[in-house]
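Report on the structure given below.
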Amino acid sequence: MPNSRPDVSKEAEWIRRCQSGDKEAFAPLVDAYQRRTFSIVFHLVRRRNDVEDIVQEIFMKAFAAIESYNFQSSFGTWLNRIAVNHCYDYLRRQRSSRVTYYWEMSEEGQREIERHSRSPEEGGLNSEEKLALGDLVTKLLARAPAEDRVILTLKEIEDKSVEEISGILGLKLSTVKVRLHRARKRMVKDLQKWEKGR
Amino acid sequence: MRCDVVRQMVEEGIERPPAVQAHMASCPDCQEYLRQWEVVRTGLVALRESELPEPSIGFTTRVIRRLEDASTEIQAGQQFLDQIGRRFVYGTLMVALMILLALVIPSSGPYRSSGISDSILAQSQVSALSSEQILGVDGIDSSDATDSSPAPAVNNNQGGRGSK
């Protein structure tokens, strides 16, 4: 399945054809960007069964809006912006119907975290411990406001730079930094609650 | 240094200046915050390694097909709107025409025609009267004209009463 970044001039040609209404020219763009869009959507919504439908909707939206793409940012950043906004709306809709909470974690998972939260050296964790810690963080993220979840996912999971996040979210660098700090503080506070509630 | 500033720098994982290091060494709250943040960050990094869902076979084809279906639906919708719009325009024109006719017909219909016939009748009476007057002035026997008037009938009635 093609995934590597396409040649810039070819990509621009496909985009222009799409802008003039050629739907077939959208196929190579979908091929080129589907995997990274799956990644970002999965990390944001974390619902394996919903990811494909969401990504399809994102590509539909992208084609509908492709006339507005002006080549100022990269097509990937522009597409990521659509994906993040779509997931943001999805998360806000899902927030009220969410049923998983961090205190529902299995005892085994809790023990793993308890053992390693004292010295969470990334390199020193085995796969089970990582899984348990990932499970805890997934649950903390599920409780977090959509805004925090989006920015933390982009920075810490998708490993985007502050500049890239600024481009995707359309925010100033300073605003991204402030929001990141606020989101991290909330996560730590939520972890404290979890630790006290054990 | 303020705890919040120190924590923001520590979160970023950038090299800690001596002032930050000194603050961290002397502030148990910041040490605890750093420990907890490390737990969260390690969990977040662990999520990077989670297995990503793969696009199913024919994903691109389905997207393109959906795009084509959507544009067909839009075209059908536009055709429907066109038809509705055309009918609406025709309907509006018809209503406007009927209103116009309703406004015009009373002044040019039977009412006006009776008015015309009345005026024609009045004109003929006037012309008849004027011709009678003209005849009287010219010295032609006007008793015939007087006889033809209803006056003798009145006279007869008067005569009838007198005989009683």
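We name chains A, B, ... following the order of the structure tokens; residues begin at 1 in each chain, and ligands are numbered from 1 as shown.
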inquiry  = If the cut-off is 9 Å, can you tell me the residues of chain B near chain A, counting only C-alpha atoms? I'd like them as a PyMOL selection string.
reply    = chain B and resi 7-8+11-12+33+35-50+52-56+59-64+66-68
Tell me which protein, DNA and RNA residues are within 10 Å of Tyr90 in chain A, counting only C-alpha atoms, leaving out same-chain ones fewer than 5 positions away, and put them as a tab-separated table (two decimals) with C-alpha atoms, in the first residue's frame.
```tsv
chain	number	residue	atom	x	y	z
A	44	LEU	CA	-7.15	10.92	18.82
A	45	VAL	CA	-10.33	8.85	19.03
A	54	ILE	CA	-13.97	8.67	10.29
A	84	VAL	CA	-8.03	17.14	13.78
A	85	ASN	CA	-11.08	19.39	13.49
A	95	ARG	CA	-17.85	13.00	25.55
A	146	ALA	CA	-11.23	17.38	23.78
```
Check: Near range 22-29 of chain B, within 9 Å and counting only C-alpha atoms, which residues show up once chain neighbours fewer than 3 positions away are dropped, as a list in words?
Finding: Met1, Arg2, Cys3, Val6, Pro17, Pro18, Ala19, Glu32, Tyr33 and Leu34 of chain B
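One finds CA of Asp22 in chain A at 13.9 Å from CA of Asp69 in chain B.
Here CA of Glu67 in chain A stands at a distance of 18.7 Å from CA of Gly170 in chain A.
For the pair CA of Arg81 in chain A and CA of Ser20 in chain A, the separation is 22.0 Å.
Minimum atom-to-atom distance to Asp148 in chain A, evaluated using only C-alpha atoms, belongs to A:Ala183 out of A:Val162, A:Ala183, A:Cys18, A:Leu173.
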